[in-house]
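S.K.: Below you'll find start_37.txt; it's compact mmCIF, C-alpha atoms.
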# COMPACT_ATOMS: atom_id res chain seq x y z
CA MET A 1 72.29 153.91 64.71
CA ILE A 2 74.44 150.87 63.89
CA LYS A 3 76.61 151.37 60.82
CA VAL A 4 79.31 148.72 61.28
CA VAL A 5 79.20 145.03 62.20
CA PHE A 6 82.22 143.31 63.73
CA THR A 7 82.04 139.53 63.77
CA ASP A 8 84.31 136.87 65.17
CA ILE A 9 85.25 133.99 62.83
CA ASP A 10 85.90 130.70 64.62
CA ASP A 11 82.84 129.21 66.30
CA THR A 12 80.82 132.16 65.03
CA LEU A 13 81.01 131.88 61.24
CA LEU A 14 83.31 128.89 60.81
CA ASP A 15 82.87 125.69 62.82
CA PHE A 16 86.15 125.38 64.73
CA THR A 17 85.35 121.92 66.07
CA GLU A 18 84.54 120.45 62.66
CA CYS A 19 87.52 122.18 61.04
CA SER A 20 89.73 120.79 63.79
CA ARG A 21 88.30 117.30 63.34
CA ILE A 22 89.19 117.38 59.64
CA ALA A 23 92.72 118.65 60.32
CA VAL A 24 93.43 116.22 63.17
CA LYS A 25 92.23 113.26 61.09
CA ALA A 26 94.41 114.33 58.16
CA SER A 27 97.51 114.65 60.34
CA CYS A 28 96.83 111.34 62.07
CA ARG A 29 96.66 109.63 58.68
CA LYS A 30 99.90 111.30 57.67
CA TYR A 31 101.80 109.88 60.66
CA GLY A 32 99.96 106.60 61.14
CA LEU A 33 98.36 107.64 64.41
CA SER A 34 94.91 106.51 65.53
CA PHE A 35 92.24 109.17 65.44
CA SER A 36 89.61 109.03 68.19
CA SER A 37 86.93 111.23 69.68
CA GLU A 38 88.98 111.22 72.89
CA LEU A 39 91.94 112.71 71.03
CA LEU A 40 89.81 115.45 69.50
CA ASP A 41 88.02 116.20 72.77
CA ARG A 42 91.30 116.49 74.67
CA PHE A 43 92.68 118.79 71.97
CA MET A 44 89.58 120.99 72.13
CA ARG A 45 89.76 121.31 75.92
CA ILE A 46 93.47 122.15 75.91
CA THR A 47 93.11 124.58 73.02
CA SER A 48 90.22 126.36 74.75
CA ARG A 49 92.22 126.65 77.97
CA MET A 50 95.32 127.94 76.22
CA TRP A 51 93.43 130.52 74.16
CA LYS A 52 91.88 131.87 77.35
CA ASP A 53 95.41 132.16 78.74
CA ILE A 54 96.45 134.07 75.61
CA GLU A 55 93.46 136.40 75.96
CA ASN A 56 94.39 136.99 79.60
CA GLY A 57 98.01 137.69 78.69
CA ALA A 58 99.28 134.66 80.62
CA ILE A 59 100.96 133.01 77.61
CA THR A 60 101.81 133.92 74.02
CA ARG A 61 100.63 132.33 70.78
CA GLU A 62 104.17 131.01 70.35
CA VAL A 63 103.88 129.08 73.63
CA LEU A 64 100.65 127.51 72.39
CA ILE A 65 102.31 126.41 69.15
CA LYS A 66 105.26 124.83 70.98
CA THR A 67 103.34 123.08 73.74
CA ARG A 68 99.75 122.39 72.67
CA TRP A 69 100.10 119.00 71.00
CA ASN A 70 102.89 117.87 73.33
CA THR A 71 100.41 118.49 76.16
CA VAL A 72 97.67 116.54 74.39
CA PHE A 73 99.95 113.58 73.69
CA SER A 74 101.41 113.62 77.20
CA GLU A 75 97.98 113.52 78.83
CA LEU A 76 96.86 110.65 76.59
CA GLY A 77 100.12 108.70 76.86
CA ILE A 78 100.88 108.96 73.14
CA ASP A 79 104.56 108.83 72.22
CA PHE A 80 104.89 111.29 69.35
CA ASP A 81 106.57 114.63 68.63
CA GLY A 82 103.92 117.25 69.45
CA GLU A 83 105.70 120.10 67.67
CA LEU A 84 105.91 118.05 64.48
CA PHE A 85 102.20 117.22 64.74
CA GLU A 86 101.37 120.86 65.49
CA LYS A 87 103.05 121.95 62.26
CA SER A 88 101.08 119.37 60.29
CA PHE A 89 97.82 120.23 62.06
CA ARG A 90 98.18 123.93 61.36
CA SER A 91 98.89 123.21 57.70
CA ASP A 92 95.80 121.01 57.41
CA PHE A 93 93.65 123.43 59.41
CA TYR A 94 94.67 126.24 57.04
CA ASP A 95 92.69 124.49 54.29
CA THR A 96 89.44 124.06 56.23
CA GLY A 97 86.33 126.18 55.80
CA GLU A 98 83.41 124.34 57.40
CA LYS A 99 80.68 126.89 58.05
CA VAL A 100 78.34 127.40 60.98
CA GLU A 101 74.73 127.05 59.85
CA GLY A 102 73.32 130.36 58.67
CA SER A 103 76.63 132.14 58.09
CA ASP A 104 76.06 132.65 54.35
CA GLU A 105 72.55 133.98 54.74
CA LEU A 106 73.43 136.26 57.65
CA LEU A 107 76.47 137.79 55.97
CA GLY A 108 74.55 138.28 52.74
CA TYR A 109 71.91 140.17 54.69
CA LEU A 110 74.34 142.25 56.75
CA SER A 111 76.55 143.19 53.81
CA GLN A 112 73.58 144.90 52.12
CA LYS A 113 73.01 147.19 55.10
CA TYR A 114 76.29 147.65 56.99
CA THR A 115 80.05 147.79 56.75
CA VAL A 116 81.03 144.24 57.75
CA CYS A 117 84.35 143.50 59.45
CA ALA A 118 85.88 140.26 60.68
CA ALA A 119 87.54 140.59 64.10
CA SER A 120 89.68 137.56 64.98
CA ASN A 121 92.58 136.59 67.21
CA ALA A 122 93.84 133.97 64.75
CA PRO A 123 96.55 134.59 62.09
CA TYR A 124 95.58 136.92 59.25
CA ASP A 125 96.64 134.79 56.27
CA GLN A 126 94.99 131.70 57.75
CA GLN A 127 91.68 133.41 58.41
CA LEU A 128 91.60 135.17 55.06
CA HIS A 129 92.29 131.87 53.28
CA ARG A 130 89.64 129.99 55.25
CA LEU A 131 87.03 132.66 54.58
CA LYS A 132 87.80 132.34 50.88
CA ILE A 133 87.49 128.54 51.02
CA ALA A 134 84.12 128.94 52.76
CA GLY A 135 82.94 131.43 50.14
CA LEU A 136 82.46 134.13 52.80
CA HIS A 137 85.35 136.47 52.03
CA GLY A 138 83.39 138.62 49.59
CA TYR A 139 81.00 139.78 52.29
CA PHE A 140 83.72 141.57 54.27
CA ASP A 141 84.89 145.14 53.90
CA TYR A 142 87.72 144.61 56.41
CA VAL A 143 89.43 141.62 58.01
CA PHE A 144 90.99 142.59 61.35
CA THR A 145 93.21 140.13 63.23
CA SER A 146 95.30 140.48 66.37
CA GLU A 147 98.38 139.60 64.32
CA LYS A 148 97.87 142.69 62.15
CA ILE A 149 96.47 144.96 64.85
CA GLY A 150 99.14 144.17 67.45
CA TYR A 151 96.72 143.50 70.31
CA THR A 152 94.57 140.50 71.20
CA LYS A 153 90.87 140.53 72.06
CA PRO A 154 89.62 141.32 74.70
CA ASP A 155 92.23 144.09 75.00
CA PRO A 156 90.30 147.33 74.31
CA ARG A 157 93.26 148.48 72.23
CA PHE A 158 92.35 145.84 69.65
CA PHE A 159 88.92 147.38 69.17
CA HIS A 160 90.18 150.97 69.28
CA ALA A 161 92.73 150.16 66.56
CA CYS A 162 89.97 148.66 64.39
CA ILE A 163 87.83 151.76 64.89
CA ASP A 164 90.75 153.98 63.89
CA GLU A 165 91.02 152.05 60.61
CA LEU A 166 87.36 152.69 59.80
CA LYS A 167 87.51 156.50 59.99
CA ASN A 168 84.61 158.65 61.20
CA ILE A 169 82.94 155.82 63.09
CA GLU A 170 82.11 155.99 66.79
CA PRO A 171 81.93 152.93 69.10
CA HIS A 172 78.17 153.29 69.59
CA GLN A 173 77.72 152.85 65.82
CA ILE A 174 79.24 149.34 65.95
CA ILE A 175 77.91 145.96 67.04
CA MET A 176 80.22 143.04 67.85
CA ILE A 177 78.95 139.49 67.23
CA GLY A 178 80.89 136.64 68.80
CA ASP A 179 80.79 133.36 70.70
CA SER A 180 83.19 134.31 73.51
CA LEU A 181 81.85 136.32 76.41
CA ARG A 182 85.39 137.12 77.46
CA ALA A 183 87.16 137.93 74.20
CA ASP A 184 84.31 139.27 72.07
CA ILE A 185 81.66 140.61 74.40
CA ALA A 186 83.61 141.97 77.37
CA GLY A 187 86.32 143.43 75.13
CA ALA A 188 83.88 145.23 72.86
CA ALA A 189 81.64 146.40 75.70
CA ALA A 190 84.63 148.00 77.42
CA CYS A 191 84.95 150.25 74.37
CA GLY A 192 81.30 151.25 74.23
CA ILE A 193 80.46 148.88 71.38
CA THR A 194 77.04 147.21 71.32
CA THR A 195 77.38 143.44 71.77
CA CYS A 196 75.60 140.33 70.50
CA TYR A 197 76.54 137.04 72.13
CA PHE A 198 76.18 133.96 69.93
CA LYS A 199 75.52 131.34 72.59
CA ARG A 200 76.25 128.01 70.95
CA VAL A 201 74.86 124.72 72.28
CA ASN A 202 78.27 123.49 73.44
CA ASP A 203 79.14 126.73 75.21
CA ALA A 204 80.29 126.24 78.79
CA GLU A 205 82.02 129.55 79.43
CA ALA A 206 81.21 130.77 82.94
CA THR A 207 81.36 134.52 83.43
CA ASP A 208 79.25 137.35 84.72
CA VAL A 209 79.71 139.31 81.48
CA LYS A 210 76.37 140.42 80.03
CA ALA A 211 75.77 141.10 76.35
CA ASP A 212 73.26 143.58 74.95
CA TYR A 213 71.73 140.76 72.91
CA THR A 214 71.99 136.96 73.06
CA VAL A 215 71.12 134.62 70.19
CA THR A 216 71.35 130.86 69.78
CA SER A 217 71.40 130.86 65.97
CA LEU A 218 72.98 133.23 63.49
CA LEU A 219 69.73 133.90 61.65
CA GLN A 220 68.16 135.34 64.81
CA ILE A 221 70.51 138.29 64.32
CA LYS A 222 68.50 139.34 61.26
CA ASP A 223 65.64 140.21 63.63
CA LEU A 224 67.95 142.52 65.60
CA LEU A 225 69.59 144.47 62.77
Starting from the file, give its structure as structure tokens.
M.R.:
Amino acid sequence: MIKVVFTDIDDTLLDFTECSRIAVKASCRKYGLSFSSELLDRFMRITSRMWKDIENGAITREVLIKTRWNTVFSELGIDFDGELFEKSFRSDFYDTGEKVEGSDELLGYLSQKYTVCAASNAPYDQQLHRLKIAGLHGYFDYVFTSEKIGYTKPDPRFFHACIDELKNIEPHQIIMIGDSLRADIAGAAACGITTCYFKRVNDAEATDVKADYTVTSLLQIKDLL
């Protein structure tokens, strides 16, 4: 019997693309740079690639911070200090809370039946603040992040550390909901946790990882739990 729900945050409950769009636009205005869909698309591709490298242990979060926007600007031929823009972007992103459709209704439903826990690889203070901005924070009993836990999804040690915090809960009593087959689904499955893959329209992740359940909207999860 499921007693605990783990859920990812970005691109599961909060719309990472829309939050990024807001933050990039704000930073472009600040420095007099032109915002374009090409700039945002290049940022999203590079960010996705670098986060996969972090999840695989190939680079650290610090490397991402130092190189991400320099890489974007270099590829687009933009002459600007990427580290300076990164600092501004992260500050603007901190204050975004654009929600994925159905997140309020789903969390309201789940919180009446289960212990609900956020499970994210992003910084703790940032994610807590963004959940508060979005009005979602009150649904959570725990907010777990790799920064606090000391391990990054999909490392099974991340999930084991979360389970240890819960006390008297076994892996088979947990379901993990997330948009990443690699970080969320494979990591949780390796620990014996039931998995629910939120397959978003723009998902292009290629992997042979199989989830116990797959949904294309958050509200479909209500029919499973």
S.K.: Find the spatial neighbours of range 150-163 of chain A, counting only C-alpha atoms, within a cut-off of 10 Å - ignore same-chain residues fewer than 5 positions away - and output them as a PyMOL selection string.
M.R.: chain A and resi 4+6+54-57+117+119-122+142-145+168-171+174+176+180-193
S.K.: From the options A:Val215, A:Ile175, A:Val209, A:Leu14, which residue's atoms come nearest to His137 in chain A, counting only C-alpha atoms?
M.R.: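 Result for the nearest residue to His137 in chain A: A:Leu14.
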S.K.: Need to verify the contact set: Asp212 in chain A, 8 Å, only C-alpha atoms, exclusion of same-chain residues closer than 2 positions in sequence. Can you return it as a list of chain:residue names?
M.R.: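 After dropping sequence-adjacent residues, the list is A:Thr194, A:Thr195, A:Cys196, A:Tyr197, A:Lys210, A:Thr214.
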S.K.: Which residue, A:Asp81, A:Asp41, A:Asp95, A:Asp11, has the smallest gap to Lys66 in chain A when you use all atoms listed in the file?
M.R.: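 Nearest to Lys66 in chain A: A:Asp81.
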S.K.: Identify which of the residues A:Leu13, A:Leu219, A:Met44, A:Ile78 lies closest to Gly178 in chain A, counting all atoms listed in the file when measuring atom-to-atom distances.
M.R.: A:Leu13
S.K.: Rank A:Val63, A:Ile177, A:Leu76, A:Ala58 by their smallest atom-to-atom distance to Leu39 in chain A, using all atoms listed in the file, and report the top residue only.
M.R.: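 Checking each of A:Val63, A:Ile177, A:Leu76, A:Ala58 against Leu39 in chain A, counting all atoms listed in the file, the winner is A:Leu76.
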S.K.: Here is a test: counting all atoms listed in the file, which residue of A:Gln126, A:Ile22, A:Lys113, A:Tyr139 is nearest to Phe35 in chain A?
M.R.: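 Counting all atoms listed in the file, the residue closest to Phe35 in chain A is A:Ile22.
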S.K.: Looking at A:Val100, A:Ala211, A:Leu225, A:Leu218, which one is nearest to Cys19 in chain A, with distances taken over only C-alpha atoms?
M.R.: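 Of A:Val100, A:Ala211, A:Leu225, A:Leu218, the one nearest Cys19 in chain A is A:Val100, counting only C-alpha atoms.
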S.K.: So how far away is CA of Glu98 in chain A from CA of Glu18 in chain A, in Å?
M.R.: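 Atom-to-atom, CA of Glu18 in chain A and CA of Glu98 in chain A are spaced 6.6 Å apart.
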S.K.: Please measure the separation of CA of Gly102 in chain A and CA of Tyr213 in chain A, giving the value in Å to one decimal.
M.R.: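 According to the coordinates, CA of Gly102 in chain A and CA of Tyr213 in chain A are separated by 17.7 Å.
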S.K.: Record the distance separating CA of Glu101 in chain A and CA of Val5 in chain A, expressed in Å with one decimal.
M.R.: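 The value is 18.7 Å.
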S.K.: Box time for range 36-42 of chain A: axis-aligned, enclosing all its listed atoms, 6 Å extra on each side; report centre and edge lengths in Å to one decimal, as lines of an AutoDock Vina configuration file.
M.R.:
center_x = 89.4
center_y = 112.8
center_z = 71.4
size_x = 17.0
size_y = 19.5
size_z = 18.5
S.K.: May I have the residues within 10 Å of Ser91 in chain A as a list in words, using only C-alpha atoms and disregarding those fewer than 6 positions away in the same chain?
M.R.: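 Near neighbours after the sequence-gap exclusion: Ala23, Ala26, Ser27, Phe85 and Gln126 of chain A.
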S.K.: Just write range 25-36 of chain A with N, CA and C atoms, as a compact mmCIF listing (two decimals), in the first residue's frame, taken from the block above.
M.R.:
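Printed below is selection37.txt as written:
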# COMPACT_ATOMS: atom_id res chain seq x y z
N LYS A 25 14.37 36.85 -19.89
CA LYS A 25 13.89 38.15 -20.35
C LYS A 25 14.28 39.26 -19.37
N ALA A 26 14.10 38.99 -18.08
CA ALA A 26 14.42 39.99 -17.07
C ALA A 26 15.90 40.34 -17.09
N SER A 27 16.75 39.34 -17.22
CA SER A 27 18.19 39.59 -17.23
C SER A 27 18.63 40.27 -18.52
N CYS A 28 18.00 39.92 -19.63
CA CYS A 28 18.30 40.62 -20.89
C CYS A 28 17.96 42.10 -20.79
N ARG A 29 16.81 42.41 -20.21
CA ARG A 29 16.43 43.82 -20.02
C ARG A 29 17.45 44.54 -19.15
N LYS A 30 17.91 43.86 -18.13
CA LYS A 30 18.85 44.47 -17.18
C LYS A 30 20.15 44.88 -17.87
N TYR A 31 20.60 44.09 -18.83
CA TYR A 31 21.89 44.35 -19.47
C TYR A 31 21.78 44.84 -20.90
N GLY A 32 20.56 45.14 -21.34
CA GLY A 32 20.38 45.68 -22.69
C GLY A 32 20.65 44.69 -23.79
N LEU A 33 20.43 43.40 -23.51
CA LEU A 33 20.62 42.36 -24.51
C LEU A 33 19.28 42.03 -25.16
N SER A 34 19.32 41.56 -26.38
CA SER A 34 18.10 41.20 -27.10
C SER A 34 17.65 39.79 -26.70
N PHE A 35 16.40 39.70 -26.29
CA PHE A 35 15.83 38.38 -26.00
C PHE A 35 15.26 37.81 -27.28
N SER A 36 15.44 36.50 -27.48
CA SER A 36 14.87 35.83 -28.65
C SER A 36 14.55 34.39 -28.29
